[in-house]
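**Student:** Below is start32.csv; it holds CSV, C-alpha atoms and all ligand atoms.
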chain,number,residue,atom,x,y,z
A,1,MET,CA,-0.5,10.6,-36.7
A,2,LEU,CA,0.4,8.1,-33.9
A,3,ARG,CA,0.3,5.3,-36.5
A,4,TRP,CA,2.7,7.2,-38.7
A,5,LEU,CA,5.1,7.8,-35.8
A,6,PHE,CA,4.8,4.3,-34.5
A,7,PRO,CA,3.8,1.9,-37.3
A,8,GLU,CA,2.2,-1.2,-35.8
A,9,THR,CA,4.9,-3.8,-35.6
A,10,CYS,CA,4.7,-7.0,-33.7
A,11,GLN,CA,6.3,-6.6,-30.3
A,12,LEU,CA,7.7,-10.2,-30.5
A,13,CYS,CA,9.0,-10.8,-34.1
A,14,GLY,CA,9.0,-7.3,-35.5
A,15,ALA,CA,6.7,-8.1,-38.4
A,16,GLU,CA,5.3,-4.9,-39.7
A,17,GLY,CA,1.9,-3.6,-40.7
A,18,ARG,CA,-0.3,-6.5,-39.6
A,19,GLY,CA,-2.6,-4.2,-37.7
A,20,SER,CA,-1.6,-5.2,-34.2
A,21,THR,CA,1.3,-5.0,-31.8
A,22,LEU,CA,1.1,-8.8,-31.7
A,23,CYS,CA,0.9,-10.5,-35.0
A,24,PRO,CA,-1.4,-13.5,-35.5
A,25,ASP,CA,1.5,-16.0,-35.7
A,26,CYS,CA,3.1,-14.9,-32.5
A,27,ARG,CA,-0.2,-14.8,-30.7
A,28,ALA,CA,-1.0,-18.3,-31.8
A,29,ALA,CA,2.5,-19.5,-30.7
A,30,LEU,CA,2.2,-18.3,-27.1
A,31,ALA,CA,2.0,-21.3,-24.7
A,32,ARG,CA,-1.5,-22.1,-23.6
A,33,VAL,CA,-2.3,-23.9,-20.3
A,34,PRO,CA,-1.8,-27.6,-20.9
A,35,ARG,CA,-4.9,-29.9,-20.5
A,36,PRO,CA,-6.4,-31.5,-18.5
A,37,ILE,CA,-7.0,-28.8,-15.9
A,38,CYS,CA,-8.9,-28.7,-12.6
A,39,LEU,CA,-12.3,-27.4,-13.4
A,40,ARG,CA,-12.3,-25.2,-10.3
A,41,CYS,CA,-9.0,-23.5,-10.1
A,42,GLY,CA,-7.8,-24.0,-13.7
A,43,ALA,CA,-4.4,-25.5,-12.7
A,44,PRO,CA,-3.1,-28.3,-15.0
A,45,VAL,CA,-3.4,-31.7,-13.4
A,46,TYR,CA,-1.1,-34.6,-14.1
A,47,GLY,CA,-1.0,-38.4,-13.5
A,48,THR,CA,-3.9,-40.1,-11.8
A,49,ALA,CA,-5.2,-36.7,-10.5
A,50,ALA,CA,-6.1,-36.0,-14.2
A,51,LEU,CA,-9.0,-38.5,-13.9
A,52,ALA,CA,-10.8,-36.3,-11.4
A,53,ASP,CA,-12.6,-33.0,-12.4
A,54,VAL,CA,-11.2,-31.1,-9.4
A,55,CYS,CA,-7.6,-31.1,-8.1
A,56,ASP,CA,-6.7,-32.3,-4.6
A,57,ALA,CA,-6.2,-28.8,-3.3
A,58,CYS,CA,-9.7,-27.6,-4.4
A,59,ARG,CA,-11.3,-30.9,-3.1
A,60,ASP,CA,-9.7,-30.4,0.3
A,61,HIS,CA,-10.4,-26.7,0.5
A,62,ALA,CA,-12.9,-25.3,-2.1
A,63,PRO,CA,-11.9,-21.8,-3.2
A,64,ASP,CA,-14.4,-18.9,-2.9
A,65,TYR,CA,-14.7,-18.4,-6.7
A,66,ALA,CA,-16.8,-20.7,-8.9
A,67,PHE,CA,-13.9,-21.1,-11.3
A,68,ALA,CA,-10.6,-19.6,-12.2
A,69,ARG,CA,-9.0,-19.8,-15.7
A,70,ALA,CA,-5.8,-18.4,-17.2
A,71,ALA,CA,-5.3,-18.0,-20.9
A,72,LEU,CA,-1.6,-18.6,-21.1
A,73,ASN,CA,1.0,-20.7,-19.3
A,74,TYR,CA,4.2,-19.0,-18.3
A,75,SER,CA,6.6,-18.3,-21.1
A,76,GLU,CA,9.3,-15.7,-21.5
A,77,GLU,CA,7.5,-14.2,-24.5
A,78,ALA,CA,4.2,-13.8,-22.6
A,79,MET,CA,6.1,-12.4,-19.6
A,80,SER,CA,7.9,-9.8,-21.7
A,81,LEU,CA,4.6,-8.7,-23.2
A,82,ILE,CA,3.0,-8.4,-19.8
A,83,HIS,CA,6.1,-6.6,-18.4
A,84,ASP,CA,5.8,-4.1,-21.2
A,85,LEU,CA,2.1,-3.6,-20.6
A,86,LYS,CA,2.7,-3.2,-16.8
A,87,TYR,CA,5.9,-1.4,-16.4
A,88,HIS,CA,6.8,0.3,-19.7
A,89,GLY,CA,3.8,2.4,-20.3
A,90,GLN,CA,2.6,0.3,-23.2
A,91,ASN,CA,-1.0,0.1,-22.3
A,92,HIS,CA,-1.9,-0.2,-26.0
A,93,LEU,CA,-0.7,-3.9,-25.6
A,94,ALA,CA,-4.0,-4.6,-23.7
A,95,ARG,CA,-5.8,-4.5,-27.1
A,96,ALA,CA,-3.4,-7.0,-28.6
A,97,LEU,CA,-3.6,-9.3,-25.6
A,98,ALA,CA,-7.4,-9.2,-24.9
A,99,PRO,CA,-8.2,-11.7,-27.7
A,100,LEU,CA,-6.3,-14.3,-25.6
A,101,LEU,CA,-8.7,-13.8,-22.8
A,102,ALA,CA,-11.7,-13.9,-25.2
A,103,GLU,CA,-10.4,-17.4,-26.3
A,104,LEU,CA,-11.4,-18.7,-22.9
A,105,TRP,CA,-15.1,-18.4,-23.9
A,106,GLU,CA,-14.6,-21.0,-26.6
A,107,GLN,CA,-13.0,-23.4,-24.2
A,108,HIS,CA,-14.9,-23.1,-20.9
A,109,PRO,CA,-18.7,-23.8,-20.9
A,110,PRO,CA,-19.2,-21.9,-17.5
A,111,LEU,CA,-18.3,-18.7,-19.3
A,112,ARG,CA,-20.9,-19.3,-22.0
A,113,GLN,CA,-23.6,-20.2,-19.5
A,114,GLN,CA,-24.2,-16.6,-18.5
A,115,ARG,CA,-24.5,-13.7,-20.9
A,116,ASP,CA,-24.6,-10.9,-18.3
A,117,TRP,CA,-21.1,-11.0,-16.9
A,118,VAL,CA,-19.7,-7.8,-15.5
A,119,LEU,CA,-15.9,-7.4,-15.6
A,120,ILE,CA,-14.2,-6.3,-12.4
A,121,PRO,CA,-10.5,-5.5,-12.8
A,122,VAL,CA,-8.3,-6.4,-9.9
A,123,PRO,CA,-7.2,-3.0,-8.5
A,124,VAL,CA,-3.7,-1.7,-7.9
A,125,THR,CA,-2.8,0.7,-5.0
A,126,ARG,CA,-3.3,4.4,-5.5
A,127,LYS,CA,0.5,4.8,-5.4
A,128,ARG,CA,0.9,2.3,-8.3
A,129,LEU,CA,-1.8,3.9,-10.3
A,130,HIS,CA,-0.1,7.3,-9.8
A,131,GLU,CA,3.3,5.8,-10.9
A,132,ARG,CA,2.0,3.9,-14.0
A,133,GLY,CA,-0.8,6.2,-14.9
A,134,TYR,CA,-3.1,3.2,-15.4
A,135,ASN,CA,-4.0,-0.2,-14.0
A,136,GLN,CA,-3.0,-2.9,-16.4
A,137,ALA,CA,-5.8,-5.2,-15.3
A,138,GLU,CA,-8.3,-2.5,-16.0
A,139,GLU,CA,-6.8,-1.9,-19.5
A,140,LEU,CA,-7.2,-5.6,-20.2
A,141,ALA,CA,-10.7,-5.7,-18.8
A,142,ARG,CA,-11.7,-2.7,-20.9
A,143,ALA,CA,-10.2,-4.2,-24.1
A,144,LEU,CA,-11.9,-7.6,-23.4
A,145,GLY,CA,-15.2,-5.8,-22.6
A,146,ARG,CA,-15.0,-4.1,-26.0
A,147,LEU,CA,-14.4,-7.4,-27.8
A,148,LEU,CA,-17.2,-9.3,-26.0
A,149,HIS,CA,-19.6,-6.3,-25.3
A,150,LEU,CA,-19.4,-6.8,-21.6
A,151,PRO,CA,-19.6,-3.9,-19.1
A,152,LEU,CA,-16.7,-3.0,-16.7
A,153,MET,CA,-17.2,-2.0,-13.1
A,154,GLN,CA,-14.8,-0.8,-10.5
A,155,ALA,CA,-16.0,-2.4,-7.2
A,156,LEU,CA,-12.8,-3.0,-5.3
A,157,GLU,CA,-9.8,-1.0,-4.0
A,158,ARG,CA,-6.4,-2.1,-3.0
A,159,HIS,CA,-4.9,-0.7,0.1
A,160,ASP,CA,-1.2,-0.3,0.6
A,161,THR,CA,-0.2,-2.9,3.1
A,162,GLY,CA,3.4,-1.6,3.1
A,163,ILE,CA,4.8,-4.6,1.4
A,164,ALA,CA,6.4,-3.8,-1.9
A,165,SER,CA,5.5,-6.8,-4.0
A,166,GLN,CA,3.5,-10.0,-3.6
A,167,THR,CA,6.0,-11.9,-5.7
A,168,ARG,CA,8.6,-12.2,-2.9
A,169,LEU,CA,6.3,-13.5,-0.3
A,170,ASN,CA,5.6,-17.2,0.6
A,171,ALA,CA,2.2,-18.6,0.0
A,172,ALA,CA,0.9,-18.1,3.6
A,173,ARG,CA,2.0,-14.5,3.8
A,174,ARG,CA,0.7,-13.8,0.4
A,175,GLU,CA,-2.7,-15.1,1.5
A,176,ARG,CA,-2.8,-12.9,4.6
A,177,ASN,CA,-1.4,-9.9,2.8
A,178,ALA,CA,-4.0,-10.2,0.0
A,179,ARG,CA,-6.9,-10.6,2.5
A,180,ALA,CA,-5.9,-7.3,4.2
A,181,ALA,CA,-5.3,-5.5,0.9
A,182,TYR,CA,-8.5,-5.8,-1.1
A,183,ARG,CA,-11.7,-4.1,0.0
A,184,PRO,CA,-15.0,-3.1,-1.6
A,185,LEU,CA,-15.2,0.6,-2.7
A,186,ALA,CA,-17.0,2.8,-0.2
A,187,ALA,CA,-20.1,3.1,-2.5
A,188,TYR,CA,-20.6,-0.6,-2.4
A,189,ALA,CA,-19.7,-1.1,1.2
A,190,SER,CA,-22.2,1.5,2.3
A,191,GLY,CA,-24.9,-0.1,0.1
A,192,LYS,CA,-25.3,3.0,-2.1
A,193,ARG,CA,-24.4,0.8,-5.1
A,194,CYS,CA,-25.3,-2.8,-5.7
A,195,LEU,CA,-23.2,-5.6,-7.2
A,196,PRO,CA,-24.5,-7.5,-10.2
A,197,ALA,CA,-25.1,-11.2,-9.8
A,198,HIS,CA,-22.4,-12.5,-12.3
A,199,LEU,CA,-18.9,-11.2,-11.9
A,200,LEU,CA,-15.6,-11.9,-13.6
A,201,LEU,CA,-12.4,-10.7,-11.9
A,202,ILE,CA,-9.8,-9.8,-14.5
A,203,ASP,CA,-6.1,-9.8,-13.7
A,204,ASP,CA,-2.8,-10.0,-15.7
A,205,ILE,CA,-1.0,-12.7,-13.8
A,206,THR,CA,-2.0,-15.3,-11.3
A,207,THR,CA,0.6,-17.0,-9.1
A,208,THR,CA,-0.9,-18.7,-6.1
A,209,GLY,CA,-4.5,-17.5,-6.6
A,210,ALA,CA,-4.3,-15.5,-3.4
A,211,THR,CA,-5.4,-12.3,-5.1
A,212,ALA,CA,-8.4,-13.9,-6.7
A,213,ARG,CA,-9.5,-15.6,-3.5
A,214,ALA,CA,-9.1,-12.3,-1.5
A,215,CYS,CA,-11.0,-10.3,-4.1
A,216,CYS,CA,-13.7,-12.9,-4.3
A,217,ARG,CA,-14.1,-12.9,-0.5
A,218,ALA,CA,-14.5,-9.1,-0.5
A,219,LEU,CA,-17.2,-9.3,-3.2
A,220,HIS,CA,-19.0,-12.1,-1.5
A,221,ARG,CA,-19.3,-10.1,1.7
A,222,LEU,CA,-21.3,-7.6,-0.3
A,223,ARG,CA,-23.3,-10.1,-2.2
A,224,PRO,CA,-23.1,-13.7,-0.9
A,225,ASP,CA,-25.2,-15.1,-3.8
A,226,ALA,CA,-22.9,-13.6,-6.5
A,227,LEU,CA,-21.4,-16.1,-9.0
A,228,ILE,CA,-17.8,-15.1,-9.4
A,229,GLY,CA,-15.2,-16.3,-11.9
A,230,SER,CA,-11.6,-15.2,-12.1
A,231,LEU,CA,-9.7,-14.8,-15.4
A,232,ALA,CA,-6.0,-14.1,-15.7
A,233,LEU,CA,-3.9,-13.6,-18.8
A,234,MET,CA,-1.1,-15.8,-17.6
A,235,ARG,CA,-0.4,-18.3,-14.8
A,236,MET,CA,3.0,-18.4,-13.3
A,237,ASN,CA,3.2,-22.1,-12.4
B,301,ZN,ZN,5.0,-11.6,-34.5
B,302,ZN,ZN,-8.0,-27.0,-8.3
Reformat the file's structure so that it appears as structure tokens.
Ligand SMILES: [Zn+2]
Ligand SMILES: [Zn+2]

**Tutor:**
Amino acid sequence: MLRWLFPETCQLCGAEGRGSTLCPDCRAALARVPRPICLRCGAPVYGTAALADVCDACRDHAPDYAFARAALNYSEEAMSLIHDLKYHGQNHLARALAPLLAELWEQHPPLRQQRDWVLIPVPVTRKRLHERGYNQAEELARALGRLLHLPLMQALERHDTGIASQTRLNAARRERNARAAYRPLAAYASGKRCLPAHLLLIDDITTTGATARACCRALHRLRPDALIGSLALMRMN
């Protein structure tokens, strides 16, 4: 019935009936993160820095996560898809976008070294959840979990810090704001539930990495020996 009402056409080029809201050609054409990258934070590295495995920023101040990776580099096309997923109620797009996250398994050996990853979506505030009806990161994590047969777990919550959007903040304020915003859910904080050992944070967009670092810190407080990776669909810079 839904398929009859909304035949599956590609959100980008309008091609019809190829079984997805993102056709294989448009998915393949989305800009990936250029190589080489820092093996820790996943940022592209240029010039002589490209000879090292880890970028200057990570060498000077190692992040809490074991590794962070993004599937896509910023592009208008990717941004419009994420925008539709996030703000226009098109949560079905998560299914079309999840294969891009799954691609990371082919490219990054650390992801293949563990088989028992548990996916942890980066939470949104209760207010956002109420407005949108869903958390886009959770939709992505669920679709990815279905593709790779990995379980999903809600372990964190996001508190309203009274600041409308992270995007308008400078890096230092973002960091402070993020640290205050993400906390473990009560069941984990009280010790009623235990965190698994291998965790992957899932988010739609990464900008400065402040969110991933803050979530990671909150998870490490519960389980200091946890191995935590962070995956985002797109990096902004
Ligand atoms: Zn297309
Ligand atoms: Zn780095």

**Student:** Please return as a PyMOL selection string every residue within 9 Å of (-4.2, -2.2, -7.2), taking into account only C-alpha atoms and the file's own coordinates.

**Tutor:** chain A and resi 122-129+135+137+156-160+181-182

**Student:** Ligand ZN 301 (chain B): which residues are within 12 Å, counting all atoms listed in the file? Reply as JSON, numbers by chain.

**Tutor:** {"A": [8, 9, 10, 11, 12, 13, 14, 15, 16, 17, 18, 19, 20, 21, 22, 23, 24, 25, 26, 27, 28, 29, 30, 77, 81, 96]}

**Student:** Can you tell me which residues surround range 138-152 of chain A at a distance of at most 8 Å, considering only C-alpha atoms, apart from same-chain residues fewer than 3 positions away, and format the answer as a list in words?

**Tutor:**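 Answer for this query is Asn91, Ala94, Arg95, Leu97, Ala98, Pro99, Leu101, Ala102, Asp116, Trp117, Val118, Leu119, Ile120, Pro121, Val122, Pro123, Tyr134, Asn135, Ile202, Asp203 and Asp204 of chain A.
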
**Student:** Looking at A:His88, A:His61, A:Arg112, A:Arg40, which one is nearest to Glu131 in chain A, with distances taken over all atoms listed in the file?

**Tutor:**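 Ranking A:His88, A:His61, A:Arg112, A:Arg40 by distance to Glu131 in chain A, first place goes to A:His88.
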
**Student:** Using only C-alpha atoms, can you list as a PyMOL selection string the residues within 10 Å of (-10.6, -20.9, -12.8)?

**Tutor:** chain A and resi 37-43+63+65-70+108+110+209+212+228-232

**Student:** Of the candidates A:Thr208, A:Ala172, A:Gln136, A:Ser75, which one gets nearest to ligand ZN 302 (chain B) if we count all atoms listed in the file?

**Tutor:** A:Thr208

**Student:** Of the residues A:Thr48, A:Gln154, A:Ser80, A:Asn177, which is the one nearest to Arg193 in chain A, using all atoms listed in the file?

**Tutor:**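 Among the listed residues, A:Gln154 lies closest to Arg193 in chain A.
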
**Student:** Looking at A:Asp60, A:Ala218, A:Arg32, A:Leu111, which one is nearest to ligand ZN 302 (chain B), with distances taken over only C-alpha atoms and all ligand atoms?

**Tutor:** A:Asp60
